[in-house]
>>> print(open('structure-v5.csv').read())   # CSV, C-alpha atoms
chain,number,residue,atom,x,y,z
F,20,MET,CA,-69.7,-12.5,-74.7
F,21,GLN,CA,-68.4,-16.0,-74.2
F,22,TYR,CA,-69.4,-18.8,-76.5
F,23,VAL,CA,-70.7,-21.7,-74.4
F,24,TRP,CA,-73.4,-23.8,-75.9
F,25,ASP,CA,-72.8,-25.3,-79.4
F,26,PRO,CA,-75.6,-25.4,-81.9
F,27,PHE,CA,-76.3,-29.1,-81.3
F,28,VAL,CA,-76.9,-28.5,-77.6
F,29,ARG,CA,-79.2,-25.6,-78.3
F,30,ILE,CA,-81.2,-27.3,-81.0
F,31,PHE,CA,-81.4,-30.4,-78.8
F,32,HIS,CA,-82.6,-28.4,-75.8
F,33,TRP,CA,-85.4,-26.6,-77.5
F,34,SER,CA,-86.5,-29.6,-79.6
F,35,LEU,CA,-86.7,-31.5,-76.3
F,36,VAL,CA,-88.8,-28.8,-74.8
F,37,ILE,CA,-91.2,-28.9,-77.7
F,38,ALA,CA,-91.3,-32.7,-77.9
F,39,PHE,CA,-91.9,-33.1,-74.2
F,40,SER,CA,-94.6,-30.5,-74.2
F,41,VAL,CA,-96.4,-32.2,-77.1
F,42,ALA,CA,-96.2,-35.6,-75.4
F,43,PHE,CA,-97.3,-34.3,-72.1
F,44,TYR,CA,-100.2,-32.4,-73.6
F,45,THR,CA,-101.5,-35.3,-75.5
F,46,HIS,CA,-101.0,-38.0,-72.9
F,47,ALA,CA,-104.6,-38.5,-71.8
F,48,SER,CA,-106.3,-38.6,-75.1
F,49,GLU,CA,-106.8,-41.8,-77.2
F,50,TRP,CA,-107.5,-39.6,-80.2
F,51,GLU,CA,-104.0,-38.0,-79.9
F,52,ARG,CA,-102.3,-41.3,-79.3
F,53,VAL,CA,-100.3,-41.3,-82.5
F,54,THR,CA,-99.1,-37.7,-81.8
F,55,HIS,CA,-98.1,-38.8,-78.3
F,56,ILE,CA,-96.2,-41.8,-79.7
F,57,ARG,CA,-94.4,-39.7,-82.3
F,58,ALA,CA,-93.4,-37.1,-79.7
F,59,GLY,CA,-92.2,-39.8,-77.4
F,60,TYR,CA,-90.0,-41.4,-80.2
F,61,THR,CA,-88.6,-37.9,-80.9
F,62,VAL,CA,-87.8,-37.4,-77.2
F,63,GLY,CA,-86.0,-40.8,-77.2
F,64,ALA,CA,-84.0,-40.0,-80.3
F,65,LEU,CA,-83.0,-36.6,-78.9
F,66,LEU,CA,-81.9,-38.1,-75.6
F,67,VAL,CA,-79.8,-40.8,-77.3
F,68,ALA,CA,-78.2,-38.2,-79.6
F,69,ARG,CA,-77.4,-35.9,-76.6
F,70,ILE,CA,-75.8,-38.8,-74.7
F,71,VAL,CA,-73.6,-39.7,-77.7
F,72,TRP,CA,-72.7,-36.0,-78.1
F,73,GLY,CA,-71.8,-35.9,-74.4
F,74,PHE,CA,-69.4,-38.7,-74.7
F,75,THR,CA,-67.8,-37.7,-78.0
F,76,LYS,CA,-67.7,-33.9,-77.8
F,77,THR,CA,-65.2,-31.8,-76.0
F,78,GLY,CA,-66.2,-28.4,-74.5
F,79,TYR,CA,-69.1,-27.5,-72.3
F,80,ALA,CA,-71.4,-30.2,-73.8
F,81,CYS,CA,-69.0,-32.9,-72.8
F,82,PHE,CA,-70.0,-35.0,-69.8
F,83,ARG,CA,-66.5,-34.9,-68.3
F,84,THR,CA,-66.9,-31.1,-67.8
F,85,PHE,CA,-69.8,-31.5,-65.5
F,86,PRO,CA,-69.4,-34.4,-63.1
F,87,TRP,CA,-72.1,-36.3,-61.3
F,88,ASP,CA,-71.7,-34.9,-57.7
F,89,PRO,CA,-74.9,-34.7,-55.6
F,90,VAL,CA,-73.1,-33.3,-52.5
F,91,LYS,CA,-71.6,-30.4,-54.5
F,92,ALA,CA,-75.0,-29.8,-56.1
F,93,ILE,CA,-76.7,-29.4,-52.7
F,94,LYS,CA,-73.9,-27.1,-51.5
F,95,HIS,CA,-74.3,-25.0,-54.6
F,96,ILE,CA,-78.0,-24.7,-54.0
F,97,ILE,CA,-77.4,-23.6,-50.4
F,98,SER,CA,-74.9,-20.9,-51.4
F,99,GLU,CA,-77.4,-19.9,-54.2
F,100,LEU,CA,-80.0,-19.3,-51.6
F,101,HIS,CA,-77.5,-17.1,-49.7
F,102,GLY,CA,-76.8,-15.3,-53.0
F,103,ASN,CA,-73.0,-16.0,-53.0
F,104,ALA,CA,-72.9,-19.1,-55.3
F,105,LYS,CA,-69.8,-19.5,-57.4
F,106,ARG,CA,-70.4,-18.7,-61.1
F,107,TYR,CA,-69.8,-21.5,-63.6
F,108,ILE,CA,-69.6,-20.9,-67.3
F,109,GLY,CA,-70.9,-24.3,-68.3
F,110,HIS,CA,-73.2,-26.3,-66.0
F,111,ASN,CA,-73.0,-25.5,-62.3
F,112,PRO,CA,-73.1,-28.6,-60.0
F,113,ALA,CA,-76.9,-28.3,-59.4
F,114,GLY,CA,-77.5,-27.9,-63.1
F,115,SER,CA,-75.3,-30.9,-63.8
F,116,MET,CA,-77.4,-33.1,-61.5
F,117,ALA,CA,-80.6,-31.9,-63.1
F,118,ILE,CA,-79.2,-32.8,-66.5
F,119,TYR,CA,-78.2,-36.3,-65.5
F,120,LEU,CA,-81.4,-37.0,-63.7
F,121,MET,CA,-83.5,-35.7,-66.6
F,122,LEU,CA,-81.5,-37.9,-69.1
F,123,VAL,CA,-82.0,-41.0,-66.9
F,124,ILE,CA,-85.7,-40.4,-66.1
F,125,GLY,CA,-86.2,-39.4,-69.7
F,126,LEU,CA,-84.9,-42.7,-70.9
F,127,VAL,CA,-87.0,-44.5,-68.3
F,128,THR,CA,-90.1,-42.6,-69.5
F,129,VAL,CA,-89.5,-43.3,-73.2
F,130,THR,CA,-88.6,-47.0,-72.7
F,131,SER,CA,-91.6,-47.7,-70.4
F,132,GLY,CA,-93.9,-45.7,-72.8
F,133,TRP,CA,-92.6,-47.7,-75.7
F,134,LEU,CA,-93.3,-51.0,-73.9
F,135,VAL,CA,-96.8,-49.8,-72.8
F,136,PHE,CA,-97.6,-48.9,-76.4
F,137,ASN,CA,-96.4,-52.3,-77.7
F,138,ASP,CA,-98.3,-54.2,-75.0
F,139,GLY,CA,-97.0,-57.7,-74.5
F,140,TRP,CA,-93.4,-57.1,-75.7
F,141,LEU,CA,-90.5,-58.2,-73.6
F,142,PHE,CA,-92.4,-58.1,-70.3
F,143,ASP,CA,-96.0,-59.2,-69.9
F,144,GLN,CA,-96.6,-56.6,-67.2
F,145,PRO,CA,-98.9,-53.9,-68.6
F,146,GLU,CA,-99.9,-52.7,-65.1
F,147,LEU,CA,-96.3,-52.3,-63.9
F,148,LEU,CA,-95.1,-50.6,-67.1
F,149,GLN,CA,-98.0,-48.1,-67.0
F,150,THR,CA,-97.2,-47.3,-63.4
F,151,ILE,CA,-93.5,-46.8,-64.2
F,152,HIS,CA,-94.4,-44.6,-67.2
F,153,LEU,CA,-96.8,-42.5,-65.2
F,154,TYR,CA,-94.4,-41.9,-62.3
F,155,ALA,CA,-91.4,-41.4,-64.5
F,156,ALA,CA,-93.2,-38.7,-66.6
F,157,TRP,CA,-94.4,-36.8,-63.5
F,158,THR,CA,-91.0,-37.1,-61.9
F,159,TRP,CA,-89.5,-35.6,-65.1
F,160,LEU,CA,-92.0,-32.7,-64.9
F,161,GLY,CA,-90.9,-32.2,-61.3
F,162,LEU,CA,-87.3,-32.1,-62.4
F,163,ILE,CA,-88.2,-29.6,-65.1
F,164,VAL,CA,-89.7,-27.3,-62.5
F,165,LEU,CA,-86.5,-27.6,-60.4
F,166,HIS,CA,-84.4,-27.0,-63.5
F,167,VAL,CA,-86.3,-23.9,-64.5
F,168,THR,CA,-86.3,-22.6,-61.0
F,169,GLY,CA,-82.6,-23.1,-60.8
F,170,VAL,CA,-82.1,-21.3,-64.1
F,171,VAL,CA,-84.1,-18.3,-63.0
F,172,ALA,CA,-82.3,-18.2,-59.6
F,173,GLU,CA,-78.9,-18.5,-61.2
F,174,SER,CA,-79.8,-15.7,-63.7
F,175,ILE,CA,-80.8,-13.4,-60.8
F,176,VAL,CA,-77.8,-14.2,-58.6
F,177,HIS,CA,-75.3,-13.8,-61.4
F,178,LYS,CA,-77.1,-11.1,-63.3
F,179,ASP,CA,-77.0,-13.1,-66.5
F,180,ASN,CA,-79.8,-14.3,-68.8
F,181,LEU,CA,-79.3,-18.1,-69.0
F,182,ILE,CA,-82.4,-18.6,-71.1
F,183,ARG,CA,-81.0,-16.2,-73.7
F,184,ALA,CA,-77.7,-18.1,-73.5
F,185,MET,CA,-79.4,-21.3,-74.5
F,186,ILE,CA,-80.8,-19.5,-77.6
F,187,THR,CA,-77.7,-17.5,-78.7
F,188,GLY,CA,-75.1,-19.8,-77.2
F,189,CYS,CA,-73.3,-17.0,-75.5
F,190,LYS,CA,-73.0,-15.9,-71.9
F,191,ARG,CA,-72.1,-12.6,-70.4
F,192,VAL,CA,-68.4,-11.9,-70.3
F,193,THR,CA,-67.1,-12.6,-66.9
F,194,LYS,CA,-64.8,-10.9,-64.5
F,195,LYS,CA,-61.3,-12.3,-64.1
F,196,GLY,CA,-62.1,-14.0,-60.8
F,197,GLU,CA,-65.3,-15.6,-62.1
F,198,ARG,CA,-63.5,-17.1,-65.1
F,199,GLN,CA,-61.4,-19.3,-62.8
F,200,ALA,CA,-64.6,-20.8,-61.5
F,201,THR,CA,-65.3,-22.6,-64.7
F,202,GLN,CA,-64.6,-26.3,-65.0
F,203,LEU,CA,-62.5,-26.1,-68.1
T,30,MET,CA,-78.4,-44.2,-55.1
T,31,THR,CA,-78.7,-48.0,-55.2
T,32,LYS,CA,-80.6,-47.9,-51.9
T,33,ILE,CA,-83.0,-45.3,-53.2
T,34,SER,CA,-83.6,-47.3,-56.4
T,35,PHE,CA,-84.3,-50.4,-54.3
T,36,ILE,CA,-86.9,-48.6,-52.3
T,37,LEU,CA,-88.4,-47.2,-55.4
T,38,VAL,CA,-88.6,-50.6,-57.1
T,39,ALA,CA,-90.1,-52.1,-53.9
T,40,LEU,CA,-92.7,-49.4,-53.7
T,41,LEU,CA,-93.6,-49.8,-57.3
T,42,SER,CA,-93.9,-53.6,-57.1
T,43,MET,CA,-96.1,-53.2,-54.0
T,44,THR,CA,-98.6,-51.1,-55.9
T,45,VAL,CA,-98.8,-53.9,-58.5
T,46,LEU,CA,-98.7,-57.0,-56.3
T,47,ASN,CA,-100.9,-56.1,-53.4
T,48,ALA,CA,-104.2,-56.0,-55.4
T,49,ASN,CA,-106.1,-59.2,-56.0
T,50,ALA,CA,-107.2,-59.1,-59.6
T,51,ASP,CA,-110.6,-60.7,-59.9
T,52,VAL,CA,-114.2,-60.1,-60.3
T,53,ALA,CA,-114.6,-59.2,-56.6
T,54,THR,CA,-112.5,-56.0,-57.0
T,55,ALA,CA,-114.6,-55.0,-60.0
T,56,GLN,CA,-117.7,-55.5,-57.9
T,57,LYS,CA,-116.1,-53.2,-55.3
T,58,LEU,CA,-115.9,-50.4,-57.8
T,59,ALA,CA,-119.4,-51.1,-59.1
T,60,ASP,CA,-120.6,-50.8,-55.5
T,61,LYS,CA,-118.8,-47.5,-55.0
T,62,TYR,CA,-120.5,-46.0,-58.1
T,63,THR,CA,-123.8,-47.5,-57.1
T,64,GLY,CA,-123.5,-45.8,-53.7
T,65,ILE,CA,-122.8,-42.5,-55.3
T,66,ALA,CA,-125.7,-43.0,-57.7
T,67,LYS,CA,-128.1,-43.8,-54.9
T,68,GLY,CA,-127.2,-40.5,-53.3
T,69,ILE,CA,-128.6,-38.8,-56.5
T,70,ASP,CA,-131.5,-41.2,-57.1
T,71,LYS,CA,-132.6,-43.3,-54.1
T,72,GLY,CA,-134.3,-45.9,-56.2
T,73,PHE,CA,-131.2,-46.6,-58.4
T,74,THR,CA,-130.2,-50.2,-58.9
T,75,PRO,CA,-127.4,-51.0,-61.4
T,76,SER,CA,-128.5,-52.7,-64.6
T,77,ALA,CA,-126.3,-54.8,-66.8
T,78,GLU,CA,-128.8,-54.3,-69.6
T,79,ASP,CA,-128.3,-50.5,-69.4
T,80,GLY,CA,-124.6,-51.0,-69.1
T,81,LYS,CA,-124.5,-52.9,-72.4
T,82,VAL,CA,-126.5,-50.2,-74.1
T,83,PHE,CA,-124.0,-47.6,-72.7
T,84,PHE,CA,-121.1,-49.7,-74.0
T,85,ASN,CA,-122.5,-49.9,-77.5
T,86,ARG,CA,-124.1,-46.4,-77.7
T,87,GLN,CA,-122.7,-44.5,-80.7
T,88,ILE,CA,-121.8,-40.9,-80.2
T,89,GLY,CA,-120.6,-38.3,-82.8
T,90,MET,CA,-117.0,-37.3,-81.9
T,91,LYS,CA,-114.3,-35.8,-84.1
T,92,GLY,CA,-116.4,-36.4,-87.2
T,93,ARG,CA,-117.0,-40.1,-86.6
T,94,LYS,CA,-119.5,-42.2,-84.8
T,95,VAL,CA,-117.8,-43.9,-81.9
T,96,SER,CA,-118.7,-46.0,-78.9
T,97,CYS,CA,-116.7,-47.9,-76.3
T,98,ALA,CA,-117.2,-50.9,-78.5
T,99,SER,CA,-115.4,-49.2,-81.4
T,100,CYS,CA,-112.1,-50.2,-79.9
T,101,HIS,CA,-113.2,-52.8,-77.4
T,102,THR,CA,-115.5,-54.7,-79.8
T,103,ALA,CA,-119.1,-55.5,-79.0
T,104,ASN,CA,-118.0,-58.3,-76.7
T,105,PRO,CA,-115.8,-57.0,-73.8
T,106,ALA,CA,-114.4,-60.5,-73.3
T,107,ASP,CA,-112.7,-60.3,-76.7
T,108,ASN,CA,-109.5,-58.6,-77.6
T,109,GLY,CA,-110.1,-55.1,-78.9
T,110,LYS,CA,-108.3,-53.1,-81.6
T,111,HIS,CA,-107.5,-49.4,-81.2
T,112,ILE,CA,-109.2,-47.5,-84.0
T,113,ILE,CA,-106.5,-44.9,-84.2
T,114,THR,CA,-103.3,-46.9,-83.7
T,115,GLY,CA,-104.5,-50.3,-84.7
T,116,LYS,CA,-102.9,-51.8,-81.6
T,117,MET,CA,-104.4,-54.8,-79.9
T,118,ILE,CA,-106.2,-54.1,-76.6
T,119,ARG,CA,-106.6,-56.8,-74.0
T,120,PRO,CA,-110.2,-57.9,-73.0
T,121,LEU,CA,-112.0,-55.6,-70.5
T,122,ALA,CA,-114.0,-58.3,-68.8
T,123,PRO,CA,-112.4,-59.3,-65.4
T,124,ALA,CA,-113.6,-62.9,-65.9
T,125,VAL,CA,-111.3,-63.5,-68.8
T,126,ASN,CA,-108.6,-60.9,-68.0
T,127,ALA,CA,-107.3,-61.2,-64.4
T,128,LYS,CA,-105.1,-58.1,-65.0
T,129,ARG,CA,-108.1,-55.8,-65.1
T,130,PHE,CA,-109.2,-54.0,-62.0
T,131,THR,CA,-106.0,-54.6,-60.1
T,132,ASP,CA,-105.6,-50.9,-59.3
T,133,LEU,CA,-108.9,-49.3,-58.9
T,134,GLU,CA,-107.5,-45.8,-58.8
T,135,LYS,CA,-106.0,-46.3,-62.2
T,136,VAL,CA,-109.3,-47.7,-63.4
T,137,GLU,CA,-111.1,-44.6,-62.3
T,138,ASP,CA,-108.6,-42.3,-63.9
T,139,LYS,CA,-108.9,-44.3,-67.2
T,140,PHE,CA,-112.6,-44.2,-66.9
T,141,VAL,CA,-112.6,-40.4,-66.8
T,142,GLU,CA,-110.1,-40.1,-69.7
T,143,HIS,CA,-112.0,-42.5,-71.9
T,144,CYS,CA,-115.4,-40.9,-71.1
T,145,ASN,CA,-113.8,-37.6,-72.2
T,146,ASP,CA,-112.6,-39.2,-75.4
T,147,ILE,CA,-115.9,-40.7,-76.4
T,148,THR,CA,-118.6,-38.4,-74.9
T,149,GLY,CA,-116.6,-35.1,-74.4
T,150,SER,CA,-117.2,-35.2,-70.6
T,151,ASP,CA,-117.0,-37.6,-67.6
T,152,CYS,CA,-119.7,-40.2,-67.3
T,153,THR,CA,-122.2,-40.3,-64.5
T,154,ALA,CA,-122.0,-42.6,-61.5
T,155,GLN,CA,-125.1,-44.4,-62.8
T,156,GLU,CA,-123.5,-45.1,-66.1
T,157,LYS,CA,-120.3,-46.3,-64.5
T,158,ALA,CA,-122.2,-48.6,-62.1
T,159,ASN,CA,-124.3,-50.0,-64.9
T,160,PHE,CA,-121.3,-50.5,-67.1
T,161,ILE,CA,-119.2,-52.4,-64.6
T,162,THR,CA,-122.2,-54.5,-63.6
T,163,TYR,CA,-122.5,-55.4,-67.3
T,164,LEU,CA,-118.7,-56.1,-67.5
T,165,ILE,CA,-118.9,-58.6,-64.6
T,166,THR,CA,-121.7,-60.5,-66.3
T,167,VAL,CA,-119.6,-61.1,-69.4
T,168,LYS,CA,-117.8,-64.4,-69.0
T,169,ASP,CA,-117.0,-65.8,-72.4
T,170,ALA,CA,-115.0,-64.6,-75.4
T,171,THR,CA,-116.8,-65.0,-78.8
T,172,PRO,CA,-116.1,-68.6,-80.0
T,173,LYS,CA,-113.6,-68.6,-82.9
T,174,LYS,CA,-115.2,-69.7,-86.2
>>> encode(input="structure-v5.csv", output="structure tokens")
Amino acid sequence: MQYVWDPFVRIFHWSLVIAFSVAFYTHASEWERVTHIRAGYTVGALLVARIVWGFTKTGYACFRTFPWDPVKAIKHIISELHGNAKRYIGHNPAGSMAIYLMLVIGLVTVTSGWLVFNDGWLFDQPELLQTIHLYAAWTWLGLIVLHVTGVVAESIVHKDNLIRAMITGCKRVTKKGERQATQL
Amino acid sequence: MTKISFILVALLSMTVLNANADVATAQKLADKYTGIAKGIDKGFTPSAEDGKVFFNRQIGMKGRKVSCASCHTANPADNGKHIITGKMIRPLAPAVNAKRFTDLEKVEDKFVEHCNDITGSDCTAQEKANFITYLITVKDATPKK
């Protein structure tokens, strides 16, 4: 087994899953508003911590190891569909794009939600802020669907369990040729 | 990327700017609900009186007695106060708050959500027609003492 995801990344990932789910589940109810707000603040704190970690850490958690490259991401998805995608130990190009888009849309969601809750702060545009918050949250959910689909597809193509890897931190030992495909 | 974000911002601002926020758009929604209500009861005419009763009607929910007025106060032209978070809520009445009823789709979504919060189910078209009719008649905030 090869060690890939450090404890921070794993705890961050599953905390974010829980916090997002709680926020999404409680979004429509005024009775649950306080829970929604707390979950939202938790999401915000997690995202900021992950971004700091991505800039300061070395290893697979570091942003430099998975560049922003939409073209490469699309190419990876196409080869994934053909079943001959290159194996990456850290984030593959499509996964990298999913991570960046989720970080950005996550920050938009949290910031707009925070401004909606504190109606009248900074911008006196409740209608616009609500619209942004709504669309950002649903876009994020869409990205999660893509992310999970990608994880499952990647796991099948490369006969590896990426979900377990995000729990234990370790991925299947790779063949020699596959190892060269990593970004490190 | 910048092109896409420009388009997104443009689309978002269109959804906000195209609507004329005034009493007339509120009336449009009231008319829609009245139309639906007439399909159920031919003799239905919206009543501001009934709308006011609906707004102040207390219902047992989550172990407390609540009504729309619990958060929005008995006068929909006044600022409200959220009973859970304590946050200020802008007036509902379109006569004093031009930002209400700008996006009717959103109003309808909120209506369903809030009805679920207070009554445990959606409200009827009659109730909604009555309520908006009442809301349009409210023109003045409570004078400050």
>>> closest_residue(input="structure-v5.csv", among="F:Val90, F:Glu49, F:Gly102, F:Cys189", to="Ile147 in chain T", atoms="all atoms listed in the file")
F:Glu49
>>> atom_distance(input="structure-v5.csv", atom1="CA of Gly63 in chain F", atom2="CA of Lys91 in chain F")
28.8 Å
>>> residues_around(input="structure-v5.csv", residues="Lys139 in chain T", least_positions_apart="3", cutoff="12 Å", atoms="all atoms listed in the file", output="list of chain:residue names")
F:His46, F:Ala47, F:Ser48, F:Glu49, F:Gln149, T:Arg129, T:Phe130, T:Asp132, T:Leu133, T:Glu134, T:Lys135, T:Val136, T:Glu142, T:His143, T:Cys144, T:Asn145, T:Asp146, T:Asp151, T:Cys152, T:Lys157
>>> interface_residues(input="structure-v5.csv", of="chain F", to="chain T", cutoff="10 Å", atoms="all atoms listed in the file", output="VMD selection string")
chain F and resid 46 to 53 56 136 to 139 144 to 151 154
>>> atom_distance(input="structure-v5.csv", atom1="CA of Ala172 in chain F", atom2="CA of Leu100 in chain F")
8.4 Å
>>> residues_around(input="structure-v5.csv", residues="Asp107 in chain T", least_positions_apart="3", cutoff="12 Å", atoms="all atoms listed in the file", output="PyMOL selection string")
chain T and resi 98+100-104+110+117-126+164+167-173
>>> residues_around(input="structure-v5.csv", residues="range 55-64 of chain T", least_positions_apart="2", cutoff="7 Å", atoms="all atoms listed in the file", output="list in words")
Asp51, Val52, Ala53, Ala66, Lys67, Gly68, Pro75, Phe130, Ala154, Gln155, Lys157, Ala158, Ile161 and Thr162 of chain T
>>> write_last_selection(input="structure-v5.csv", atoms="C-alpha atoms", output="CSV table (one decimal), keeping the file's coordinate frame")
chain,number,residue,atom,x,y,z
T,51,ASP,CA,-110.6,-60.7,-59.9
T,52,VAL,CA,-114.2,-60.1,-60.3
T,53,ALA,CA,-114.6,-59.2,-56.6
T,66,ALA,CA,-125.7,-43.0,-57.7
T,67,LYS,CA,-128.1,-43.8,-54.9
T,68,GLY,CA,-127.2,-40.5,-53.3
T,75,PRO,CA,-127.4,-51.0,-61.4
T,130,PHE,CA,-109.2,-54.0,-62.0
T,154,ALA,CA,-122.0,-42.6,-61.5
T,155,GLN,CA,-125.1,-44.4,-62.8
T,157,LYS,CA,-120.3,-46.3,-64.5
T,158,ALA,CA,-122.2,-48.6,-62.1
T,161,ILE,CA,-119.2,-52.4,-64.6
T,162,THR,CA,-122.2,-54.5,-63.6
>>> atom_distance(input="structure-v5.csv", atom1="CA of Thr84 in chain F", atom2="CA of Met121 in chain F")
17.3 Å
>>> residues_around(input="structure-v5.csv", residues="Ala113 in chain F", least_positions_apart="4", cutoff="9 Å", atoms="all atoms listed in the file", output="list in words")
Asp88, Pro89, Lys91, Ala92, Ile93, Lys94, His95, Ile96, Ala117, Ile118, His166 and Gly169 of chain F
>>> residues_near_point(input="structure-v5.csv", point="(-92.2, -31.3, -79.3)", cutoff="10 Å", atoms="only C-alpha atoms", output="list in words")
Trp33, Ser34, Leu35, Val36, Ile37, Ala38, Phe39, Ser40, Val41, Ala42, Phe43, Tyr44, Thr54, His55, Arg57, Ala58, Gly59, Thr61 and Val62 of chain F
>>> closest_residue(input="structure-v5.csv", among="F:Ile108, F:Cys81, F:Leu65, F:Met116", to="Met20 in chain F", atoms="all atoms listed in the file")
F:Ile108
>>> residues_around(input="structure-v5.csv", residues="Leu122 in chain F", least_positions_apart="3", cutoff="9 Å", atoms="only C-alpha atoms", output="VMD selection string")
chain F and resid 66 to 67 69 to 70 117 to 119 125 to 127
>>> closest_residue(input="structure-v5.csv", among="T:Phe73, T:Thr54, T:Gly80, T:Ala106", to="Asn159 in chain T", atoms="only C-alpha atoms")
T:Gly80
